[in-house]
2 protein chains.
Amino acid sequence: MSFTVWLTGRPRAGKTALGRLLAAELGARLPQVRHLDGDELRQGPLADLGFLPAERRAANLRVAWAARLLNEHGVACVVGQIAPYAAIRDELRSTLPGYVEVYLECPLELAMNRDAEGLYARALAGELGPFSGLDDPYEEPAAPHIICPTGRQSPAESLAMVLAWLEAAGLVPPGPAAASQDSPYTPEEERLVEQRLKDLGYL
Amino acid sequence: MSFTVWLTGRPRAGKTALGRLLAAELGARLPQVRHLDGDELRQGPLADLGFLPAERRAANLRVAWAARLLNEHGVACVVGQIAPYAAIRDELRSTLPGYVEVYLECPLELAMNRDAEGLYARALAGELGPFSGLDDPYEEPAAPHIICPTGRQSPAESLAMVLAWLEAAGLVPPGPAAASQDSPYTPEEERLVEQRLKDLGYL
(Lines give C-alpha, C1' and ligand atoms only; values in the text may rest on other atoms or scores of the structure.)
Protein backbone atom coordinates (compact mmCIF):
# COMPACT_ATOMS: atom_id res chain seq x y z
CA MET A 1 0.00 0.00 0.00
CA SER A 2 1.43 3.31 -1.11
CA PHE A 3 0.10 6.86 -0.55
CA THR A 4 -1.62 9.74 -2.36
CA VAL A 5 -0.63 13.38 -1.99
CA TRP A 6 -3.75 15.41 -2.80
CA LEU A 7 -2.99 19.00 -3.78
CA THR A 8 -6.08 21.11 -3.06
CA GLY A 9 -6.40 24.82 -3.69
CA ARG A 10 -8.31 27.40 -5.70
CA PRO A 11 -7.72 27.80 -9.48
CA ARG A 12 -4.22 29.21 -10.16
CA ALA A 13 -2.98 28.35 -6.68
CA GLY A 14 -0.21 26.34 -8.37
CA LYS A 15 -1.46 22.74 -8.25
CA THR A 16 -0.16 21.72 -11.68
CA ALA A 17 3.29 23.29 -11.23
CA LEU A 18 3.85 21.79 -7.77
CA GLY A 19 2.36 18.46 -8.90
CA ARG A 20 4.86 18.15 -11.74
CA LEU A 21 7.85 18.99 -9.54
CA LEU A 22 6.69 16.63 -6.81
CA ALA A 23 5.98 13.74 -9.19
CA ALA A 24 9.41 14.15 -10.78
CA GLU A 25 11.19 14.22 -7.42
CA LEU A 26 9.22 11.26 -6.03
CA GLY A 27 9.92 9.40 -9.27
CA ALA A 28 13.62 9.61 -8.45
CA ARG A 29 13.11 8.18 -4.95
CA LEU A 30 10.29 5.64 -5.24
CA PRO A 31 9.76 2.65 -7.55
CA GLN A 32 6.52 3.95 -9.10
CA VAL A 33 4.78 7.33 -9.16
CA ARG A 34 1.75 8.71 -11.04
CA HIS A 35 0.67 12.32 -11.49
CA LEU A 36 -3.11 12.66 -11.91
CA ASP A 37 -3.79 16.29 -12.74
CA GLY A 38 -7.30 17.72 -12.83
CA ASP A 39 -6.92 19.88 -15.95
CA GLU A 40 -5.68 16.89 -17.95
CA LEU A 41 -8.26 14.45 -16.56
CA ARG A 42 -11.07 16.84 -17.46
CA GLN A 43 -10.17 16.24 -21.12
CA GLY A 44 -10.41 12.46 -20.75
CA PRO A 45 -11.91 10.26 -18.03
CA LEU A 46 -13.78 13.17 -16.41
CA ALA A 47 -15.00 14.72 -19.68
CA ASP A 48 -18.62 13.74 -18.98
CA LEU A 49 -18.71 15.83 -15.79
CA GLY A 50 -19.43 19.52 -15.34
CA PHE A 51 -18.92 21.78 -12.33
CA LEU A 52 -22.11 21.41 -10.29
CA PRO A 53 -21.48 20.29 -6.70
CA ALA A 54 -22.55 16.68 -7.38
CA GLU A 55 -20.32 16.57 -10.47
CA ARG A 56 -17.33 17.96 -8.58
CA ARG A 57 -17.85 15.28 -5.95
CA ALA A 58 -18.12 12.58 -8.63
CA ALA A 59 -14.92 13.84 -10.27
CA ASN A 60 -13.03 13.74 -6.98
CA LEU A 61 -14.30 10.27 -6.08
CA ARG A 62 -13.50 8.88 -9.53
CA VAL A 63 -9.91 10.06 -9.26
CA ALA A 64 -9.73 8.76 -5.68
CA TRP A 65 -10.80 5.33 -6.94
CA ALA A 66 -8.01 5.26 -9.52
CA ALA A 67 -5.48 6.56 -6.99
CA ARG A 68 -6.47 3.89 -4.50
CA LEU A 69 -6.11 1.13 -7.10
CA LEU A 70 -2.65 2.44 -7.95
CA ASN A 71 -1.72 2.80 -4.26
CA GLU A 72 -2.77 -0.80 -3.62
CA HIS A 73 -0.29 -1.90 -6.28
CA GLY A 74 2.56 0.16 -4.84
CA VAL A 75 2.23 3.25 -7.05
CA ALA A 76 2.43 6.57 -5.17
CA CYS A 77 0.06 9.20 -6.58
CA VAL A 78 0.16 12.97 -6.79
CA VAL A 79 -3.34 14.34 -7.44
CA GLY A 80 -3.98 17.95 -8.38
CA GLN A 81 -7.69 18.73 -8.12
CA ILE A 82 -9.46 21.67 -6.51
CA ALA A 83 -11.66 19.48 -4.24
CA PRO A 84 -13.34 22.65 -2.98
CA TYR A 85 -15.75 21.22 -0.39
CA ALA A 86 -14.81 20.20 3.16
CA ALA A 87 -17.32 17.32 3.06
CA ILE A 88 -15.81 15.73 -0.03
CA ARG A 89 -12.29 16.09 1.38
CA ASP A 90 -13.50 14.20 4.46
CA GLU A 91 -14.74 11.48 2.09
CA LEU A 92 -11.38 11.40 0.33
CA ARG A 93 -9.61 11.03 3.65
CA SER A 94 -11.72 8.01 4.56
CA THR A 95 -11.58 6.52 1.04
CA LEU A 96 -7.83 6.68 0.65
CA PRO A 97 -5.85 4.91 3.39
CA GLY A 98 -2.69 6.82 2.42
CA TYR A 99 -4.31 10.26 1.99
CA VAL A 100 -1.99 13.24 2.50
CA GLU A 101 -3.74 16.59 2.11
CA VAL A 102 -1.65 19.55 0.95
CA TYR A 103 -3.41 22.91 0.98
CA LEU A 104 -2.01 25.37 -1.55
CA GLU A 105 -2.99 28.57 0.22
CA CYS A 106 -3.21 31.49 -2.20
CA PRO A 107 -5.41 34.55 -1.63
CA LEU A 108 -7.96 35.19 -4.38
CA GLU A 109 -6.33 38.48 -5.40
CA LEU A 110 -2.94 36.83 -5.93
CA ALA A 111 -4.47 33.91 -7.86
CA MET A 112 -6.26 36.37 -10.14
CA ASN A 113 -3.04 38.36 -10.46
CA ARG A 114 -0.93 35.44 -11.72
CA ASP A 115 -3.61 34.26 -14.15
CA ALA A 116 -1.79 34.84 -17.45
CA GLU A 117 -4.26 32.69 -19.43
CA GLY A 118 -7.24 34.84 -18.39
CA LEU A 119 -9.15 32.03 -16.68
CA TYR A 120 -10.62 34.35 -14.04
CA ALA A 121 -11.59 36.92 -16.66
CA ARG A 122 -13.52 34.23 -18.57
CA ALA A 123 -15.15 33.03 -15.33
CA LEU A 124 -16.19 36.58 -14.43
CA ALA A 125 -17.63 36.95 -17.94
CA GLY A 126 -19.83 33.93 -17.19
CA GLU A 127 -18.20 31.67 -19.78
CA LEU A 128 -17.13 28.81 -17.50
CA GLY A 129 -20.03 27.83 -15.25
CA PRO A 130 -19.73 27.63 -11.45
CA PHE A 131 -16.18 28.68 -10.54
CA SER A 132 -14.45 27.86 -7.25
CA GLY A 133 -13.84 30.96 -5.15
CA LEU A 134 -16.14 33.17 -7.22
CA ASP A 135 -19.74 31.97 -7.58
CA ASP A 136 -18.99 28.52 -6.09
CA PRO A 137 -17.31 28.19 -2.70
CA TYR A 138 -13.73 27.16 -2.06
CA GLU A 139 -13.92 26.04 1.56
CA GLU A 140 -10.47 26.37 3.16
CA PRO A 141 -9.15 23.08 4.57
CA ALA A 142 -9.44 23.10 8.37
CA ALA A 143 -6.83 20.43 9.08
CA PRO A 144 -4.59 19.68 6.09
CA HIS A 145 -1.41 17.70 6.69
CA ILE A 146 0.65 20.45 5.07
CA ILE A 147 -0.04 24.10 4.19
CA CYS A 148 2.03 25.64 1.40
CA PRO A 149 1.53 29.42 1.19
CA THR A 150 1.88 29.44 -2.59
CA GLY A 151 0.84 33.09 -2.76
CA ARG A 152 4.27 34.05 -1.38
CA GLN A 153 6.34 30.92 -2.10
CA SER A 154 7.98 29.50 -5.21
CA PRO A 155 7.01 25.99 -6.41
CA ALA A 156 10.51 24.81 -5.40
CA GLU A 157 9.96 26.09 -1.84
CA SER A 158 6.57 24.33 -1.68
CA LEU A 159 8.24 21.17 -2.96
CA ALA A 160 10.83 21.30 -0.16
CA MET A 161 8.06 21.61 2.46
CA VAL A 162 6.11 18.64 1.09
CA LEU A 163 9.22 16.46 0.77
CA ALA A 164 10.32 17.29 4.32
CA TRP A 165 6.90 16.22 5.61
CA LEU A 166 6.87 13.00 3.57
CA GLU A 167 10.39 12.16 4.77
CA ALA A 168 9.49 12.82 8.39
CA ALA A 169 6.41 10.61 8.00
CA GLY A 170 8.62 7.82 6.67
CA LEU A 171 6.75 7.71 3.35
CA VAL A 172 9.72 8.77 1.24
CA PRO A 173 13.43 8.01 1.72
CA PRO A 174 15.73 11.02 2.11
CA GLY A 175 16.97 12.50 -1.14
CA PRO A 176 20.62 12.45 -2.30
CA ALA A 177 21.43 15.73 -0.53
CA ALA A 178 20.04 14.61 2.81
CA ALA A 179 21.51 11.11 2.53
CA SER A 180 25.02 12.42 1.81
CA GLN A 181 24.95 14.32 5.11
CA ASP A 182 25.25 11.00 6.96
CA SER A 183 28.97 10.96 6.21
CA PRO A 184 31.16 13.24 4.09
CA TYR A 185 33.46 10.27 3.27
CA THR A 186 33.32 7.44 0.76
CA PRO A 187 33.40 3.91 2.26
CA GLU A 188 37.08 3.62 1.23
CA GLU A 189 37.91 6.91 2.95
CA GLU A 190 36.02 5.80 6.04
CA ARG A 191 38.06 2.57 6.14
CA LEU A 192 41.30 4.54 5.89
CA VAL A 193 40.21 6.96 8.65
CA GLU A 194 39.21 4.05 10.86
CA GLN A 195 42.58 2.33 10.24
CA ARG A 196 44.46 5.57 11.02
CA LEU A 197 42.53 5.98 14.28
CA LYS A 198 43.35 2.34 15.15
CA ASP A 199 47.04 2.89 14.32
CA LEU A 200 47.07 5.86 16.66
CA GLY A 201 45.48 3.78 19.42
CA TYR A 202 42.15 5.57 19.56
CA LEU A 203 40.07 2.52 18.57
CA MET B 1 3.33 -1.69 -20.08
CA SER B 2 1.35 -4.76 -19.08
CA PHE B 3 -1.89 -6.16 -20.57
CA THR B 4 -5.62 -6.49 -19.90
CA VAL B 5 -7.64 -9.63 -20.48
CA TRP B 6 -11.21 -8.50 -21.05
CA LEU B 7 -13.78 -11.24 -20.45
CA THR B 8 -16.90 -10.43 -22.46
CA GLY B 9 -20.05 -12.51 -22.54
CA ARG B 10 -23.73 -12.44 -21.69
CA PRO B 11 -24.93 -12.56 -18.04
CA ARG B 12 -24.18 -15.95 -16.47
CA ALA B 13 -21.67 -16.87 -19.18
CA GLY B 14 -19.12 -17.37 -16.38
CA LYS B 15 -17.13 -14.12 -16.37
CA THR B 16 -16.73 -13.91 -12.60
CA ALA B 17 -15.75 -17.56 -12.12
CA LEU B 18 -13.17 -17.53 -14.93
CA GLY B 19 -11.92 -14.09 -13.85
CA ARG B 20 -11.18 -15.32 -10.33
CA LEU B 21 -9.36 -18.43 -11.55
CA LEU B 22 -7.37 -16.46 -14.11
CA ALA B 23 -6.41 -13.68 -11.68
CA ALA B 24 -5.23 -16.26 -9.14
CA GLU B 25 -3.14 -18.15 -11.71
CA LEU B 26 -1.64 -14.96 -13.19
CA GLY B 27 -0.90 -13.78 -9.65
CA ALA B 28 1.37 -16.81 -9.25
CA ARG B 29 3.27 -16.03 -12.45
CA LEU B 30 3.42 -12.23 -12.71
CA PRO B 31 4.58 -9.52 -10.28
CA GLN B 32 1.22 -7.74 -10.08
CA VAL B 33 -2.33 -8.63 -11.11
CA ARG B 34 -5.72 -6.97 -10.56
CA HIS B 35 -9.19 -8.44 -11.06
CA LEU B 36 -11.79 -5.79 -11.93
CA ASP B 37 -15.16 -7.51 -11.94
CA GLY B 38 -18.28 -5.81 -13.22
CA ASP B 39 -20.68 -7.01 -10.53
CA GLU B 40 -18.40 -5.68 -7.80
CA LEU B 41 -17.62 -2.38 -9.57
CA ARG B 42 -21.33 -1.69 -10.02
CA GLN B 43 -21.56 -1.41 -6.20
CA GLY B 44 -18.77 1.17 -6.07
CA PRO B 45 -17.11 3.29 -8.75
CA LEU B 46 -19.84 2.53 -11.32
CA ALA B 47 -22.77 2.95 -8.91
CA ASP B 48 -23.90 6.17 -10.61
CA LEU B 49 -24.49 4.37 -13.91
CA GLY B 50 -27.51 2.44 -15.15
CA PHE B 51 -27.92 0.13 -18.13
CA LEU B 52 -28.84 2.42 -21.01
CA PRO B 53 -26.45 2.13 -24.00
CA ALA B 54 -24.61 5.38 -23.16
CA GLU B 55 -24.23 4.27 -19.53
CA ARG B 56 -22.91 0.84 -20.52
CA ARG B 57 -20.36 2.56 -22.73
CA ALA B 58 -19.38 4.93 -19.90
CA ALA B 59 -18.99 1.98 -17.52
CA ASN B 60 -16.74 0.13 -19.97
CA LEU B 61 -14.60 3.19 -20.68
CA ARG B 62 -14.23 4.02 -17.00
CA VAL B 63 -12.94 0.54 -16.25
CA ALA B 64 -10.69 0.71 -19.32
CA TRP B 65 -9.18 3.95 -17.97
CA ALA B 66 -8.33 2.30 -14.64
CA ALA B 67 -7.01 -0.83 -16.37
CA ARG B 68 -4.79 1.27 -18.60
CA LEU B 69 -3.37 3.20 -15.64
CA LEU B 70 -2.60 -0.09 -13.92
CA ASN B 71 -1.13 -1.59 -17.10
CA GLU B 72 1.14 1.43 -17.49
CA HIS B 73 2.53 0.69 -14.04
CA GLY B 74 3.14 -2.98 -14.76
CA VAL B 75 -0.07 -4.40 -13.29
CA ALA B 76 -1.82 -7.00 -15.48
CA CYS B 77 -5.62 -6.72 -15.35
CA VAL B 78 -8.44 -9.22 -15.69
CA VAL B 79 -11.70 -7.40 -16.43
CA GLY B 80 -15.07 -9.13 -16.33
CA GLN B 81 -17.73 -6.90 -17.89
CA ILE B 82 -20.42 -7.73 -20.43
CA ALA B 83 -19.31 -5.03 -22.94
CA PRO B 84 -22.24 -6.03 -25.15
CA TYR B 85 -21.73 -3.72 -28.14
CA ALA B 86 -19.28 -4.30 -31.00
CA ALA B 87 -18.61 -0.56 -31.29
CA ILE B 88 -17.56 -0.17 -27.66
CA ARG B 89 -15.33 -3.24 -27.87
CA ASP B 90 -13.61 -1.58 -30.85
CA GLU B 91 -13.09 1.47 -28.62
CA LEU B 92 -11.65 -0.70 -25.87
CA ARG B 93 -9.25 -2.29 -28.33
CA SER B 94 -7.94 1.11 -29.41
CA THR B 95 -7.91 2.52 -25.84
CA LEU B 96 -5.97 -0.33 -24.28
CA PRO B 97 -2.61 -1.08 -25.92
CA GLY B 98 -2.51 -4.52 -24.27
CA TYR B 99 -6.14 -5.49 -24.92
CA VAL B 100 -6.85 -9.23 -25.10
CA GLU B 101 -10.49 -10.05 -25.81
CA VAL B 102 -11.86 -13.34 -24.51
CA TYR B 103 -15.37 -14.20 -25.61
CA LEU B 104 -17.22 -16.46 -23.18
CA GLU B 105 -19.59 -18.08 -25.64
CA CYS B 106 -22.67 -19.43 -23.90
CA PRO B 107 -26.05 -19.86 -25.62
CA LEU B 108 -28.91 -17.96 -24.01
CA GLU B 109 -30.77 -21.16 -23.01
CA LEU B 110 -27.73 -22.51 -21.17
CA ALA B 111 -27.08 -19.19 -19.43
CA MET B 112 -30.69 -19.10 -18.25
CA ASN B 113 -30.40 -22.72 -17.20
CA ARG B 114 -27.41 -22.21 -14.91
CA ASP B 115 -28.88 -19.09 -13.33
CA ALA B 116 -29.32 -20.30 -9.74
CA GLU B 117 -29.83 -16.76 -8.37
CA GLY B 118 -32.81 -16.10 -10.65
CA LEU B 119 -31.26 -13.12 -12.44
CA TYR B 120 -32.98 -13.94 -15.74
CA ALA B 121 -36.33 -14.48 -13.99
CA ARG B 122 -36.07 -11.01 -12.44
CA ALA B 123 -35.06 -9.51 -15.80
CA LEU B 124 -38.01 -11.19 -17.54
CA ALA B 125 -40.28 -9.81 -14.79
CA GLY B 126 -39.05 -6.33 -15.74
CA GLU B 127 -37.26 -5.69 -12.45
CA LEU B 128 -33.76 -4.97 -13.80
CA GLY B 129 -33.99 -2.52 -16.69
CA PRO B 130 -32.43 -3.20 -20.11
CA PHE B 131 -30.86 -6.68 -19.96
CA SER B 132 -28.16 -7.92 -22.33
CA GLY B 133 -29.42 -10.71 -24.56
CA LEU B 134 -33.10 -10.12 -23.73
CA ASP B 135 -34.42 -6.60 -24.38
CA ASP B 136 -30.93 -5.15 -25.00
CA PRO B 137 -28.58 -6.72 -27.57
CA TYR B 138 -25.54 -8.81 -26.82
CA GLU B 139 -23.63 -8.53 -30.10
CA GLU B 140 -21.35 -11.54 -30.50
CA PRO B 141 -17.66 -10.61 -30.89
CA ALA B 142 -16.61 -11.00 -34.52
CA ALA B 143 -12.86 -11.31 -33.92
CA PRO B 144 -11.99 -12.03 -30.29
CA HIS B 145 -8.47 -13.20 -29.48
CA ILE B 146 -9.86 -16.27 -27.73
CA ILE B 147 -13.25 -17.99 -27.69
CA CYS B 148 -14.11 -20.10 -24.65
CA PRO B 149 -17.28 -22.15 -25.20
CA THR B 150 -18.33 -21.84 -21.57
CA GLY B 151 -21.70 -23.43 -22.34
CA ARG B 152 -19.96 -26.80 -22.62
CA GLN B 153 -16.68 -26.21 -20.80
CA SER B 154 -15.69 -26.02 -17.13
CA PRO B 155 -14.02 -22.84 -15.81
CA ALA B 156 -10.78 -24.85 -15.42
CA GLU B 157 -10.91 -25.81 -19.12
CA SER B 158 -11.49 -22.17 -20.10
CA LEU B 159 -8.60 -21.16 -17.89
CA ALA B 160 -6.27 -23.60 -19.65
CA MET B 161 -7.26 -22.14 -23.06
CA VAL B 162 -6.62 -18.55 -21.97
CA LEU B 163 -3.31 -19.40 -20.32
CA ALA B 164 -2.12 -21.31 -23.39
CA TRP B 165 -2.88 -18.26 -25.55
CA LEU B 166 -1.16 -15.83 -23.17
CA GLU B 167 1.89 -18.10 -22.99
CA ALA B 168 2.05 -18.42 -26.78
CA ALA B 169 1.78 -14.62 -27.08
CA GLY B 170 4.71 -14.26 -24.68
CA LEU B 171 2.63 -12.28 -22.19
CA VAL B 172 2.88 -14.85 -19.41
CA PRO B 173 5.75 -17.20 -18.54
CA PRO B 174 4.98 -20.92 -18.63
CA GLY B 175 3.56 -22.31 -15.39
CA PRO B 176 5.32 -24.89 -13.20
CA ALA B 177 3.82 -27.85 -15.07
CA ALA B 178 4.81 -26.59 -18.54
CA ALA B 179 8.27 -25.51 -17.40
CA SER B 180 9.07 -28.90 -15.90
CA GLN B 181 8.38 -30.54 -19.27
CA ASP B 182 11.54 -28.95 -20.67
CA SER B 183 13.61 -31.62 -18.96
CA PRO B 184 12.67 -34.42 -16.58
CA TYR B 185 16.07 -34.08 -14.88
CA THR B 186 17.49 -31.78 -12.21
CA PRO B 187 20.53 -29.69 -13.28
CA GLU B 188 22.78 -32.09 -11.29
CA GLU B 189 21.26 -35.11 -13.07
CA GLU B 190 21.69 -33.39 -16.42
CA ARG B 191 25.35 -32.78 -15.64
CA LEU B 192 25.85 -36.45 -14.76
CA VAL B 193 24.04 -37.61 -17.91
CA GLU B 194 26.15 -35.26 -20.04
CA GLN B 195 29.36 -36.53 -18.39
CA ARG B 196 28.31 -40.17 -18.97
CA LEU B 197 27.61 -39.43 -22.66
CA LYS B 198 31.03 -37.77 -22.94
CA ASP B 199 32.69 -40.74 -21.23
CA LEU B 200 31.04 -43.02 -23.77
CA GLY B 201 32.31 -40.87 -26.64
CA TYR B 202 28.90 -39.56 -27.79
CA LEU B 203 29.64 -35.87 -27.07
# chains A, B, ... in the order shown; residues from 1 in each chain; ligands from 1
>>> select_by_dssp(residues="segment 26-183 of chain B", states="alpha helix (DSSP H)", output="VMD selection string")
chain B and resid 26 to 29 38 to 41 53 to 72 86 to 95 108 to 113 119 to 124 155 to 168 176 to 180
>>> interface_residues(of="chain A", to="chain B", cutoff="12 Å", atoms="only C-alpha atoms", output="mmCIF file with N, CA and C atoms, in the first residue's frame")
data_model
loop_
_atom_site.group_PDB
_atom_site.id
_atom_site.type_symbol
_atom_site.label_atom_id
_atom_site.label_comp_id
_atom_site.auth_asym_id
_atom_site.auth_seq_id
_atom_site.Cartn_x
_atom_site.Cartn_y
_atom_site.Cartn_z
ATOM 1 N N PRO A 31 9.812 3.524 -6.365
ATOM 2 C CA PRO A 31 9.761 2.654 -7.545
ATOM 3 C C PRO A 31 8.751 3.132 -8.594
ATOM 4 N N GLN A 32 7.564 3.588 -8.154
ATOM 5 C CA GLN A 32 6.520 3.949 -9.105
ATOM 6 C C GLN A 32 5.730 5.155 -8.611
ATOM 7 N N VAL A 33 5.517 6.118 -9.506
ATOM 8 C CA VAL A 33 4.779 7.333 -9.159
ATOM 9 C C VAL A 33 3.869 7.723 -10.325
ATOM 10 N N ARG A 34 2.684 8.245 -10.010
ATOM 11 C CA ARG A 34 1.749 8.715 -11.038
ATOM 12 C C ARG A 34 1.207 10.088 -10.687
ATOM 13 N N HIS A 35 1.249 10.986 -11.656
ATOM 14 C CA HIS A 35 0.666 12.316 -11.489
ATOM 15 C C HIS A 35 -0.702 12.327 -12.159
ATOM 16 N N LEU A 36 -1.744 12.572 -11.374
ATOM 17 C CA LEU A 36 -3.108 12.660 -11.911
ATOM 18 C C LEU A 36 -3.558 14.104 -11.742
ATOM 19 N N LEU A 41 -7.206 15.452 -16.703
ATOM 20 C CA LEU A 41 -8.262 14.445 -16.562
ATOM 21 C C LEU A 41 -9.601 14.952 -17.092
ATOM 22 N N GLY A 44 -10.243 13.883 -20.481
ATOM 23 C CA GLY A 44 -10.406 12.457 -20.745
ATOM 24 C C GLY A 44 -11.440 11.800 -19.849
ATOM 25 N N PRO A 45 -10.995 11.085 -18.829
ATOM 26 C CA PRO A 45 -11.914 10.262 -18.029
ATOM 27 C C PRO A 45 -12.927 11.054 -17.204
ATOM 28 N N LEU A 46 -12.789 12.363 -17.125
ATOM 29 C CA LEU A 46 -13.783 13.173 -16.409
ATOM 30 C C LEU A 46 -14.572 14.056 -17.373
ATOM 31 N N ALA A 47 -14.419 13.814 -18.677
ATOM 32 C CA ALA A 47 -15.000 14.717 -19.678
ATOM 33 C C ALA A 47 -16.526 14.773 -19.623
ATOM 34 N N ASP A 48 -17.151 13.742 -19.045
ATOM 35 C CA ASP A 48 -18.620 13.738 -18.980
ATOM 36 C C ASP A 48 -19.151 14.609 -17.840
ATOM 37 N N LEU A 49 -18.262 15.116 -16.989
ATOM 38 C CA LEU A 49 -18.705 15.827 -15.790
ATOM 39 C C LEU A 49 -18.541 17.333 -15.936
ATOM 40 N N ALA A 54 -22.536 18.147 -7.289
ATOM 41 C CA ALA A 54 -22.549 16.678 -7.377
ATOM 42 C C ALA A 54 -21.523 16.183 -8.390
ATOM 43 N N GLU A 55 -21.292 16.970 -9.443
ATOM 44 C CA GLU A 55 -20.324 16.572 -10.466
ATOM 45 C C GLU A 55 -18.893 16.738 -9.953
ATOM 46 N N ARG A 57 -18.049 16.410 -6.871
ATOM 47 C CA ARG A 57 -17.847 15.282 -5.950
ATOM 48 C C ARG A 57 -17.555 14.006 -6.748
ATOM 49 N N ALA A 58 -18.333 13.777 -7.810
ATOM 50 C CA ALA A 58 -18.121 12.575 -8.630
ATOM 51 C C ALA A 58 -16.712 12.577 -9.228
ATOM 52 N N ALA A 59 -16.260 13.745 -9.676
ATOM 53 C CA ALA A 59 -14.922 13.837 -10.273
ATOM 54 C C ALA A 59 -13.846 13.487 -9.242
ATOM 55 N N ASN A 60 -14.004 14.027 -8.036
ATOM 56 C CA ASN A 60 -13.025 13.740 -6.979
ATOM 57 C C ASN A 60 -13.037 12.256 -6.609
ATOM 58 N N LEU A 61 -14.224 11.680 -6.491
ATOM 59 C CA LEU A 61 -14.298 10.270 -6.076
ATOM 60 C C LEU A 61 -13.779 9.339 -7.169
ATOM 61 N N ARG A 62 -13.992 9.718 -8.432
ATOM 62 C CA ARG A 62 -13.496 8.882 -9.525
ATOM 63 C C ARG A 62 -11.965 8.847 -9.520
ATOM 64 N N VAL A 63 -11.368 10.011 -9.306
ATOM 65 C CA VAL A 63 -9.912 10.062 -9.259
ATOM 66 C C VAL A 63 -9.399 9.331 -8.009
ATOM 67 N N ALA A 64 -10.138 9.457 -6.910
ATOM 68 C CA ALA A 64 -9.735 8.762 -5.680
ATOM 69 C C ALA A 64 -9.763 7.245 -5.884
ATOM 70 N N TRP A 65 -10.740 6.761 -6.638
ATOM 71 C CA TRP A 65 -10.804 5.325 -6.944
ATOM 72 C C TRP A 65 -9.554 4.875 -7.686
ATOM 73 N N ALA A 66 -9.198 5.623 -8.732
ATOM 74 C CA ALA A 66 -8.009 5.259 -9.515
ATOM 75 C C ALA A 66 -6.746 5.353 -8.658
ATOM 76 N N ALA A 67 -6.660 6.392 -7.843
ATOM 77 C CA ALA A 67 -5.477 6.565 -6.990
ATOM 78 C C ALA A 67 -5.369 5.407 -6.004
ATOM 79 N N ARG A 68 -6.506 4.988 -5.472
ATOM 80 C CA ARG A 68 -6.473 3.887 -4.501
ATOM 81 C C ARG A 68 -6.026 2.582 -5.161
ATOM 82 N N LEU A 69 -6.555 2.318 -6.369
ATOM 83 C CA LEU A 69 -6.108 1.127 -7.105
ATOM 84 C C LEU A 69 -4.594 1.159 -7.283
ATOM 85 N N LEU A 70 -4.089 2.320 -7.726
ATOM 86 C CA LEU A 70 -2.647 2.440 -7.948
ATOM 87 C C LEU A 70 -1.886 2.277 -6.630
ATOM 88 N N ASN A 71 -2.365 2.929 -5.577
ATOM 89 C CA ASN A 71 -1.718 2.798 -4.260
ATOM 90 C C ASN A 71 -1.642 1.342 -3.832
ATOM 91 N N GLU A 72 -2.734 0.611 -4.055
ATOM 92 C CA GLU A 72 -2.769 -0.797 -3.623
ATOM 93 C C GLU A 72 -1.749 -1.649 -4.360
ATOM 94 N N HIS A 73 -1.318 -1.162 -5.537
ATOM 95 C CA HIS A 73 -0.287 -1.895 -6.278
ATOM 96 C C HIS A 73 1.077 -1.195 -6.175
ATOM 97 N N GLY A 74 1.240 -0.383 -5.124
ATOM 98 C CA GLY A 74 2.561 0.160 -4.843
ATOM 99 C C GLY A 74 2.929 1.413 -5.615
ATOM 100 N N VAL A 75 1.945 2.029 -6.279
ATOM 101 C CA VAL A 75 2.230 3.247 -7.047
ATOM 102 C C VAL A 75 1.814 4.468 -6.209
ATOM 103 N N ALA A 76 2.761 5.325 -5.871
ATOM 104 C CA ALA A 76 2.430 6.569 -5.165
ATOM 105 C C ALA A 76 1.775 7.538 -6.144
ATOM 106 N N CYS A 77 0.763 8.273 -5.679
ATOM 107 C CA CYS A 77 0.058 9.204 -6.577
ATOM 108 C C CYS A 77 0.170 10.637 -6.083
ATOM 109 N N THR A 95 -11.645 7.446 2.184
ATOM 110 C CA THR A 95 -11.585 6.517 1.042
ATOM 111 C C THR A 95 -10.169 6.036 0.791
#
>>> closest_atom_pairs(of="segment 79-100 of chain A", to="segment 153-166 of chain A", cutoff="12 Å", atoms="only C-alpha atoms", output="Markdown table")
| residue | atom | partner | partner_atom | distance |
| --- | --- | --- | --- | --- |
| A:Gly98 | CA | A:Leu166 | CA | 11.4 |
| A:Tyr99 | CA | A:Leu166 | CA | 11.6 |
| A:Val100 | CA | A:Leu166 | CA | 8.9 |
>>> select_by_dssp(residues="segment 49-164 of chain A", states="strand (DSSP E or B)", output="PyMOL selection string")
chain A and resi 76-80+99-104+132+136+146-148
>>> closest_residue(among="A:Pro130, A:Pro173, A:Pro149, A:Pro84", to="Glu105 of chain A", atoms="only C-alpha atoms")
A:Pro149
>>> residues_around(residues="Val102 of chain A", least_positions_apart="3", cutoff="7 Å", atoms="only C-alpha atoms", output="JSON, numbers by chain")
{"A": [5, 6, 7, 8, 144, 145, 146, 147]}
>>> closest_residue(among="A:Pro174, A:Gly126, A:Pro141, A:Gly151", to="Leu108 of chain A", atoms="only C-alpha atoms")
A:Gly151
>>> residues_around(residues="segment 109-114 of chain A", least_positions_apart="2", cutoff="10 Å", atoms="only C-alpha atoms", output="ChimeraX atom specification")
/A:10-14,105-107,116-121,150-152
>>> atom_distance(atom1="atom CA of Ala143 of chain A", atom2="atom CA of Leu26 of chain A")
23.9 Å
>>> residues_around(residues="Asp135 of chain A", least_positions_apart="6", cutoff="10 Å", atoms="only C-alpha atoms", output="list of chain:residue names")
A:Ala123, A:Leu124, A:Gly126, A:Gly129
>>> write_last_selection(atoms="N, CA and C atoms", output="JSON list (two decimals), in the first residue's frame")
[["chain", "number", "residue", "atom", "x", "y", "z"],
["A", 123, "ALA", "N", -14.18, 33.42, -16.36],
["A", 123, "ALA", "CA", -15.15, 33.03, -15.33],
["A", 123, "ALA", "C", -16.04, 34.22, -14.96],
["A", 124, "LEU", "N", -15.43, 35.38, -14.79],
["A", 124, "LEU", "CA", -16.19, 36.58, -14.43],
["A", 124, "LEU", "C", -17.13, 36.99, -15.56],
["A", 126, "GLY", "N", -18.75, 34.93, -17.17],
["A", 126, "GLY", "CA", -19.83, 33.93, -17.19],
["A", 126, "GLY", "C", -19.66, 32.85, -18.23],
["A", 129, "GLY", "N", -19.20, 28.53, -16.23],
["A", 129, "GLY", "CA", -20.03, 27.83, -15.25],
["A", 129, "GLY", "C", -19.53, 28.09, -13.85]]
